[in-house]
file work_20.cif (mmCIF, C-alpha atoms)
data_run
#
loop_
_atom_site.label_atom_id
_atom_site.label_comp_id
_atom_site.auth_asym_id
_atom_site.auth_seq_id
_atom_site.Cartn_x
_atom_site.Cartn_y
_atom_site.Cartn_z
CA SER M 191 132.79 90.76 104.79
CA SER M 192 134.92 93.91 104.66
CA LYS M 193 134.89 93.48 100.87
CA LEU M 194 131.34 94.85 100.97
CA PHE M 195 132.52 98.17 102.39
CA TYR M 196 133.33 99.53 98.99
CA SER M 197 132.00 102.02 96.49
CA THR M 198 131.63 101.54 92.77
CA GLY M 199 132.45 105.24 92.38
CA GLU M 200 129.23 105.78 90.47
CA PRO M 201 127.21 108.71 91.90
CA SER M 202 124.00 107.97 93.79
CA GLU M 203 120.94 109.66 92.35
CA LEU M 204 118.40 111.57 94.43
CA PRO M 205 114.96 109.93 94.69
CA ASP M 206 112.02 111.32 92.73
CA SER M 207 109.72 111.12 95.76
CA LEU M 208 109.54 109.82 99.31
CA GLU M 209 108.05 106.52 98.14
CA ASP M 210 110.67 106.22 95.41
CA GLY M 211 113.37 106.69 98.07
CA ALA M 212 111.75 103.98 100.21
CA GLU M 213 111.69 101.56 97.27
CA VAL M 214 115.32 102.30 96.35
CA ALA M 215 116.33 101.81 100.01
CA ALA M 216 114.54 98.45 100.13
CA GLU M 217 116.12 97.31 96.85
CA SER M 218 119.60 98.21 98.08
CA CYS M 219 118.99 96.27 101.33
CA VAL M 220 117.94 93.20 99.33
CA LYS M 221 120.98 93.51 97.06
CA PHE M 222 123.28 93.82 100.07
CA TYR M 223 121.70 90.79 101.76
CA GLU M 224 122.06 88.66 98.63
CA GLU M 225 125.69 89.63 98.07
CA PHE M 226 126.61 89.39 101.76
CA THR M 227 125.02 85.98 102.45
CA GLY M 228 124.54 84.39 99.06
CA GLY M 229 120.98 83.72 100.25
CA VAL M 230 122.11 81.68 103.28
CA GLY M 231 122.12 83.06 106.83
CA SER M 232 121.47 86.63 107.93
CA ALA M 233 122.94 90.09 107.54
CA ARG M 234 122.80 93.48 109.27
CA CYS M 235 122.71 96.88 107.61
CA ARG M 236 121.89 100.52 108.26
CA VAL M 237 119.53 103.03 106.63
CA GLU M 238 119.59 106.76 107.34
CA PHE M 239 116.75 109.01 106.25
CA ASN M 240 116.64 112.57 107.55
CA THR M 241 114.82 115.36 105.73
CA LEU M 242 114.56 117.70 108.73
CA ALA M 243 117.35 119.98 107.40
CA GLY M 244 117.69 121.56 110.83
CA ASP M 245 113.92 121.93 111.40
CA GLU M 246 113.21 120.71 114.93
CA THR M 247 109.42 121.02 114.56
CA PHE M 248 109.14 117.25 114.19
CA THR M 249 111.07 114.48 115.86
CA LEU M 250 113.16 112.31 113.54
CA LEU M 251 110.93 109.31 114.27
CA LYS M 252 107.74 111.19 113.37
CA GLN M 253 109.30 112.75 110.27
CA SER M 254 110.62 109.45 108.93
CA THR M 255 107.47 107.36 109.56
CA ASN M 256 106.09 108.04 106.07
CA PHE M 257 109.37 106.73 104.63
CA MET M 258 109.50 103.74 106.98
CA GLN M 259 106.05 102.37 106.15
CA PRO M 260 106.62 101.84 102.41
CA MET M 261 110.20 100.66 102.96
CA VAL M 262 108.98 97.96 105.35
CA SER M 263 106.29 96.96 102.84
CA PHE M 264 108.73 96.80 99.92
CA LEU M 265 111.20 94.70 101.94
CA CYS M 266 108.48 92.34 103.15
CA ASN M 267 107.24 91.77 99.60
CA ALA M 268 110.79 91.17 98.36
CA MET M 269 112.06 88.89 101.13
CA ILE M 270 109.11 86.98 102.60
CA PRO M 271 108.14 84.01 100.39
CA GLY M 272 104.64 84.12 98.89
CA LEU M 273 103.85 87.60 100.17
CA GLN M 274 104.15 89.33 96.78
CA GLU M 275 101.89 86.74 95.16
CA ARG M 276 99.32 87.08 97.96
CA ARG M 277 99.35 90.86 97.59
CA MET M 278 98.69 90.54 93.87
CA GLU M 279 95.72 88.28 94.64
CA GLU M 280 94.41 90.89 97.11
CA MET M 281 94.71 93.65 94.52
CA MET M 282 92.81 91.46 92.04
CA ARG M 283 90.01 90.93 94.60
CA VAL M 284 89.80 94.71 95.13
CA SER M 285 89.59 95.31 91.38
CA GLN M 286 86.89 92.68 90.95
CA ALA M 287 84.90 94.00 93.93
CA ARG M 288 84.89 97.53 92.48
CA ALA M 289 83.73 96.25 89.09
CA GLN M 290 80.94 94.19 90.65
CA LEU M 291 79.78 97.13 92.80
CA ARG M 292 79.60 99.30 89.70
CA ALA M 293 77.54 96.57 88.01
CA LEU M 294 75.13 96.52 90.97
CA GLY M 295 74.75 100.30 90.72
CA GLN M 296 73.64 102.69 93.48
CA PRO M 297 70.87 101.49 95.82
CA ASP M 298 67.49 102.63 94.44
CA PRO M 299 64.70 103.28 96.99
CA ASP M 300 62.11 102.76 94.24
CA ASN M 301 63.64 99.41 93.31
CA PRO M 302 65.11 97.96 96.55
CA ASP M 303 67.84 95.34 96.50
CA THR M 304 66.86 91.73 97.00
CA GLU M 305 68.22 90.07 100.12
CA GLU M 306 70.80 88.35 97.94
CA GLU M 307 71.88 91.69 96.43
CA LYS M 308 72.10 93.32 99.88
CA SER M 309 74.27 90.48 101.13
CA ARG M 310 76.47 90.69 98.05
CA ARG M 311 76.85 94.46 98.38
CA VAL M 312 77.97 94.11 102.03
CA GLU M 313 80.42 91.37 101.06
CA LEU M 314 81.95 93.51 98.30
CA MET M 315 82.21 96.58 100.57
CA THR M 316 83.95 94.45 103.21
CA THR M 317 86.48 93.30 100.58
CA LEU M 318 87.26 96.94 99.78
CA GLN M 319 87.50 97.92 103.46
CA ASN M 320 89.96 95.06 104.08
CA ASP M 321 91.97 96.04 100.99
CA GLY M 322 91.39 92.61 99.48
CA ARG M 323 92.64 90.69 102.52
CA ILE M 324 90.70 87.62 103.64
CA VAL M 325 90.21 88.14 107.36
CA ASP M 326 90.09 84.92 109.33
CA ALA M 327 89.84 85.31 113.10
CA SER M 328 91.23 81.80 113.58
CA ASP M 329 94.45 82.68 111.72
CA ASP M 330 96.53 85.39 113.42
CA ASN M 331 99.60 84.51 111.32
CA ASN M 332 101.55 83.56 114.43
CA ASN M 333 102.91 80.48 112.65
CA GLY M 334 103.92 82.33 109.50
CA PRO M 335 106.96 84.47 108.72
CA ILE M 336 107.17 87.71 110.71
CA ALA M 337 108.66 91.14 110.08
CA ARG M 338 109.13 92.87 113.43
CA VAL M 339 109.58 96.61 113.94
CA TYR M 340 111.07 97.71 117.28
CA PHE M 341 110.29 101.26 118.39
CA PRO M 342 112.24 103.09 121.11
CA ASP M 343 109.27 102.95 123.51
CA GLU M 344 105.90 101.26 123.95
CA GLY M 345 103.96 104.48 123.30
CA ASN M 346 105.23 104.72 119.72
CA ALA M 347 104.77 100.98 119.20
CA ALA M 348 101.13 101.24 120.32
CA LEU M 349 100.51 104.17 117.95
CA ALA M 350 101.98 102.14 115.09
CA ARG M 351 99.66 99.21 115.80
CA ARG M 352 96.79 101.62 115.27
CA ASP M 353 98.11 103.93 112.54
CA TRP M 354 100.06 101.48 110.35
CA ALA M 355 97.13 99.06 109.97
CA GLY M 356 96.41 98.52 106.28
CA LYS M 357 99.59 100.40 105.26
CA VAL M 358 101.98 97.49 105.78
CA PRO M 359 101.55 93.72 105.23
CA ASP M 360 99.74 91.84 107.98
CA CYS M 361 102.92 89.86 108.76
CA VAL M 362 104.35 93.01 110.40
CA ARG M 363 104.47 93.07 114.21
CA PHE M 364 105.32 95.99 116.49
CA ALA M 365 107.34 95.97 119.70
CA SER M 366 109.45 98.30 121.82
CA CYS M 367 113.07 98.17 122.92
CA GLY M 368 112.15 97.52 126.54
CA GLY M 369 112.55 94.70 129.02
CA MET M 370 109.46 92.78 127.82
CA ALA M 371 110.84 92.51 124.27
CA THR M 372 113.27 89.77 125.30
CA SER M 373 110.33 87.48 126.18
CA LEU M 374 108.79 87.60 122.67
CA ASP M 375 108.67 84.50 120.49
CA VAL M 376 111.00 85.51 117.66
CA SER M 377 111.49 82.04 116.17
CA ASN M 378 109.66 83.01 112.94
CA ASP M 379 111.17 86.48 112.51
CA VAL M 380 112.49 86.93 108.97
CA LEU M 381 113.02 90.70 109.00
CA VAL M 382 113.87 92.87 112.01
CA PHE M 383 113.85 96.66 112.04
CA PHE M 384 115.16 98.86 114.84
CA PHE M 385 113.43 102.18 114.16
CA CYS M 386 115.18 105.23 115.65
CA PRO M 387 116.69 103.35 118.63
CA LYS M 388 118.20 105.64 121.27
CA ALA M 389 121.39 105.38 123.29
CA SER M 390 119.33 104.78 126.45
CA GLU M 391 117.96 101.56 124.87
CA ALA M 392 121.30 100.39 123.45
CA ALA M 393 121.73 97.49 125.87
CA TYR M 394 118.21 96.21 125.09
CA VAL M 395 118.83 96.57 121.35
CA GLU M 396 121.96 94.46 121.56
CA GLU M 397 120.22 91.84 123.70
CA ILE M 398 117.23 91.63 121.32
CA LEU M 399 119.48 91.43 118.28
CA LEU M 400 121.64 88.61 119.61
CA ALA M 401 118.62 86.67 120.92
CA THR M 402 116.83 86.90 117.56
CA GLU M 403 119.91 85.81 115.62
CA GLU M 404 120.21 82.83 117.96
CA LYS M 405 116.54 81.77 118.09
CA SER M 406 115.28 82.42 114.56
CA GLN M 407 116.45 80.01 111.89
CA SER M 408 114.45 82.08 109.37
CA LEU M 409 116.13 85.44 110.01
CA LYS M 410 117.44 87.09 106.83
CA LEU M 411 118.04 90.75 107.56
CA THR M 412 118.24 93.21 110.45
CA VAL M 413 117.94 96.88 109.47
CA PHE M 414 118.88 99.74 111.79
CA VAL M 415 116.91 102.80 110.67
CA ASN M 416 118.13 106.18 111.96
CA PRO M 417 119.93 104.73 114.99
CA ASN M 418 121.13 107.14 117.68
CA LEU M 419 122.93 104.60 119.83
CA VAL M 420 125.97 106.74 120.61
CA ASP M 421 124.89 109.83 122.53
CA MET M 422 127.73 111.65 124.29
CA GLY M 423 125.37 112.54 127.14
CA VAL M 424 124.63 108.85 127.74
CA THR M 425 127.63 106.83 126.55
CA GLY M 426 130.35 109.50 126.59
CA PHE M 427 133.73 109.24 124.91
CA GLY M 428 134.80 106.49 127.31
CA MET M 429 135.42 102.80 126.78
CA ALA M 430 131.74 101.81 127.15
CA GLY M 431 130.67 104.13 124.32
CA ARG M 432 133.58 103.04 122.16
CA ARG M 433 132.88 99.35 122.64
CA LEU M 434 129.18 99.83 121.91
CA ARG M 435 130.06 101.67 118.73
CA GLU M 436 132.47 98.94 117.69
CA ARG M 437 129.97 96.15 118.33
CA LEU M 438 126.78 97.63 116.91
CA LEU M 439 127.48 100.55 114.60
CA GLN M 440 130.88 100.24 112.95
CA PRO M 441 130.17 96.82 111.37
CA LEU M 442 126.96 98.15 109.76
CA GLN M 443 127.06 99.00 106.07
CA TYR M 444 125.01 102.00 104.96
CA THR M 445 122.78 100.46 102.32
CA TYR M 446 120.87 103.73 101.92
CA TYR M 447 121.55 107.27 103.10
CA LEU M 448 119.58 110.46 102.47
CA ARG M 449 120.02 113.68 104.43
CA THR M 450 118.66 116.98 103.20
CA LEU M 451 120.69 120.15 103.70
CA GLN M 452 119.77 123.83 103.66
CA TRP M 453 121.19 124.04 100.14
CA GLY M 454 120.90 120.47 98.83
CA ALA M 455 121.25 116.86 99.92
CA LEU M 456 123.71 114.05 100.66
CA THR M 457 122.70 110.59 99.47
CA ARG M 458 124.05 107.09 98.98
CA THR M 459 122.57 103.90 97.48
CA TRP M 460 124.79 100.88 98.12
CA PRO M 461 127.22 100.13 96.54
CA GLN M 462 127.40 103.48 94.76
CA ALA M 463 129.23 106.55 96.05
CA TYR M 464 128.12 109.04 98.68
CA SER M 465 127.00 111.98 96.56
CA ILE M 466 126.59 115.66 97.48
CA TRP M 467 123.94 117.48 95.45
CA GLN M 468 123.29 121.23 95.36
CA GLU M 469 120.01 122.88 94.43
CA ASP M 470 120.24 124.39 90.96
CA ALA M 471 117.15 125.61 89.14
CA GLU M 472 118.93 125.31 85.78
CA ALA M 473 120.07 121.71 86.28
CA GLU M 474 118.03 118.71 85.18
CA GLY M 475 115.85 117.67 88.11
CA GLY M 476 116.69 120.87 90.01
CA TYR M 477 119.99 119.60 91.49
CA ARG M 478 123.58 119.32 90.31
CA LEU M 479 126.23 116.92 91.58
CA ILE M 480 129.16 118.65 93.28
CA LYS M 481 131.05 115.67 94.77
CA ALA M 482 131.02 111.84 94.82
CA LEU M 483 132.95 110.16 97.64
CA PRO M 484 133.80 106.55 98.56
CA ASN M 485 133.15 107.15 102.30
CA LEU M 486 130.56 109.07 104.32
CA PRO M 487 131.83 112.65 104.75
CA SER M 488 131.52 114.47 108.07
CA ASN M 489 129.29 117.55 108.37
CA PRO M 490 132.26 119.97 108.16
CA GLU M 491 133.55 118.18 105.05
CA VAL M 492 130.16 118.51 103.34
CA GLU M 493 130.08 122.24 104.05
CA ASP M 494 133.69 122.57 102.83
CA TYR M 495 132.82 120.96 99.51
CA TYR M 496 129.88 123.35 99.16
CA ASP M 497 132.09 126.37 99.92
CA ILE M 498 134.75 125.21 97.44
CA GLU M 499 132.16 124.54 94.73
CA ASN M 500 130.71 128.02 95.17
CA GLY M 501 134.01 129.92 95.40
CA LEU M 502 133.64 130.63 99.12
CA ALA M 503 136.82 128.77 100.10
CA ASP M 504 139.99 127.37 98.60
CA ALA M 505 140.35 123.64 97.99
CA ARG M 506 140.87 121.79 101.26
CA PRO M 507 144.39 120.33 101.81
CA GLU M 508 144.47 116.55 101.49
CA GLY M 509 143.90 115.08 104.95
CA GLY M 510 143.27 118.47 106.59
CA GLY M 511 145.02 119.90 109.63
CA PHE M 512 144.91 118.62 113.21
CA LEU M 513 141.97 120.82 114.22
CA ASP M 514 140.01 119.76 111.14
CA GLN M 515 140.64 116.12 111.96
CA LEU M 516 139.66 116.60 115.62
CA GLY M 517 136.46 118.37 114.61
CA ASP M 518 135.62 115.61 112.16
CA PHE M 519 136.27 112.96 114.82
CA VAL M 520 133.97 114.63 117.34
CA ASN M 521 131.28 115.14 114.69
CA GLY M 522 131.53 111.53 113.61
CA MET M 523 130.89 110.37 117.18
CA MET M 524 127.62 112.27 117.39
#

call {"tool": "encode", "arguments": {"input": "work_20.cif", "output": "structure tokens"}}
result
Amino acid sequence: SSKLFYSTGEPSELPDSLEDGAEVAAESCVKFYEEFTGGVGSARCRVEFNTLAGDETFTLLKQSTNFMQPMVSFLCNAMIPGLQERRMEEMMRVSQARAQLRALGQPDPDNPDTEEEKSRRVELMTTLQNDGRIVDASDDNNNGPIARVYFPDEGNAALARRDWAGKVPDCVRFASCGGMATSLDVSNDVLVFFFCPKASEAAYVEEILLATEEKSQSLKLTVFVNPNLVDMGVTGFGMAGRRLRERLLQPLQYTYYLRTLQWGALTRTWPQAYSIWQEDAEAEGGYRLIKALPNLPSNPEVEDYYDIENGLADARPEGGGFLDQLGDFVNGMM
């Protein structure tokens, strides 16, 4: 599948909004899956979304949650059979409920509702509160297709169960990359997301991944979102860190990449080029393209291209010197 590690050379555009970026990321994941598998079997890919631009006020997980929620929803609707149609039916029920509530009008103390009208009003309000979903306590969707999001710890998974309710399809389940995760029934998992997994959970991530690929005949796609599985303080430069990188990270194609910079952004939508954009008030959309590249550039390379574009440095020699290459190697391992 090395043929998929290519670039069309066409620049990748910046998203218009956070939700637009999430939709583009989901679409590129679907496109990669279809081209990689031909619709048969499963694939793995990687998404990076980092708009911190050096601001450490928020953790990467917290900052990228508002991107993750719509991306998960878009991917579920695109890849889980019947989900898009069911969502359209829910939206229709919401629209009809609003229209019928308007027809009933506001409750009038001088002309009280009949018992039938009261019951109908409660029923319509419940439809709106459930966002059009038909809630059936006897159906917990355990037998249907599942999209599972693994968080680095149980605390974040528990918060997601509370805070993501109603923001993602009800086929989404939440878990953590801990010891208990390996005992989950994953036989119906269609989509798997590892959300900001850390180097300290790397062994669990690999175990969960391999177990899911073995046990689920329905699995289509595994997406690593903002993985930090190679931490020099945990895995080091030694053989263990290298082997982990070779097994889990190197085979992963970046299907979407967006990282904001102090002066612009670096983005990529598979299979288009990695593109460096600089803020420019006079350019259309407020940014101008300064470089399109077939491979992900290191941090020093990005800054070099900025300096060259703005007359702060001469063009970099092809290949760079030994110290440049060493610096790029170290940076790439981080």

call {"tool": "resolve_selection", "arguments": {"input": "work_20.cif", "expression": "the PyMOL selection byres ((chain M and resi 205-216) around 12)", "output": "number ranges by chain"}}
result
M: 202-204, 217-223, 235-241, 253-269, 381, 411, 413, 415, 444-450, 455-461, 467, 475-477

call {"tool": "atom_distance", "arguments": {"input": "work_20.cif", "atom1": "CA of Glu436 in chain M", "atom2": "CA of Ile336 in chain M"}}
result
28.5 Å

call {"tool": "resolve_selection", "arguments": {"input": "work_20.cif", "expression": "the PyMOL selection byres ((chain M and resi 397) around 12)", "output": "number ranges by chain"}}
result
M: 367-373, 391-396, 398-404, 437-438

call {"tool": "write_last_selection", "arguments": {"input": "work_20.cif", "atoms": "C-alpha atoms", "output": "PDB file, in the frame of the given file"}}
result
ATOM      1  CA  CYS M 367     113.070  98.170 122.920  1.00  0.00           C
ATOM      2  CA  GLY M 368     112.150  97.520 126.540  1.00  0.00           C
ATOM      3  CA  GLY M 369     112.550  94.700 129.020  1.00  0.00           C
ATOM      4  CA  MET M 370     109.460  92.780 127.820  1.00  0.00           C
ATOM      5  CA  ALA M 371     110.840  92.510 124.270  1.00  0.00           C
ATOM      6  CA  THR M 372     113.270  89.770 125.300  1.00  0.00           C
ATOM      7  CA  SER M 373     110.330  87.480 126.180  1.00  0.00           C
ATOM      8  CA  GLU M 391     117.960 101.560 124.870  1.00  0.00           C
ATOM      9  CA  ALA M 392     121.300 100.390 123.450  1.00  0.00           C
ATOM     10  CA  ALA M 393     121.730  97.490 125.870  1.00  0.00           C
ATOM     11  CA  TYR M 394     118.210  96.210 125.090  1.00  0.00           C
ATOM     12  CA  VAL M 395     118.830  96.570 121.350  1.00  0.00           C
ATOM     13  CA  GLU M 396     121.960  94.460 121.560  1.00  0.00           C
ATOM     14  CA  ILE M 398     117.230  91.630 121.320  1.00  0.00           C
ATOM     15  CA  LEU M 399     119.480  91.430 118.280  1.00  0.00           C
ATOM     16  CA  LEU M 400     121.640  88.610 119.610  1.00  0.00           C
ATOM     17  CA  ALA M 401     118.620  86.670 120.920  1.00  0.00           C
ATOM     18  CA  THR M 402     116.830  86.900 117.560  1.00  0.00           C
ATOM     19  CA  GLU M 403     119.910  85.810 115.620  1.00  0.00           C
ATOM     20  CA  GLU M 404     120.210  82.830 117.960  1.00  0.00           C
ATOM     21  CA  ARG M 437     129.970  96.150 118.330  1.00  0.00           C
ATOM     22  CA  LEU M 438     126.780  97.630 116.910  1.00  0.00           C
TER      23      LEU M 438
END

call {"tool": "atom_distance", "arguments": {"input": "work_20.cif", "atom1": "CA of Leu273 in chain M", "atom2": "CA of Asp360 in chain M"}}
result
9.8 Å

call {"tool": "resolve_selection", "arguments": {"input": "work_20.cif", "expression": "the PyMOL selection byres ((chain M and resi 286-302) around 12)", "output": "PyMOL selection string"}}
result
chain M and resi 279-285+303-322
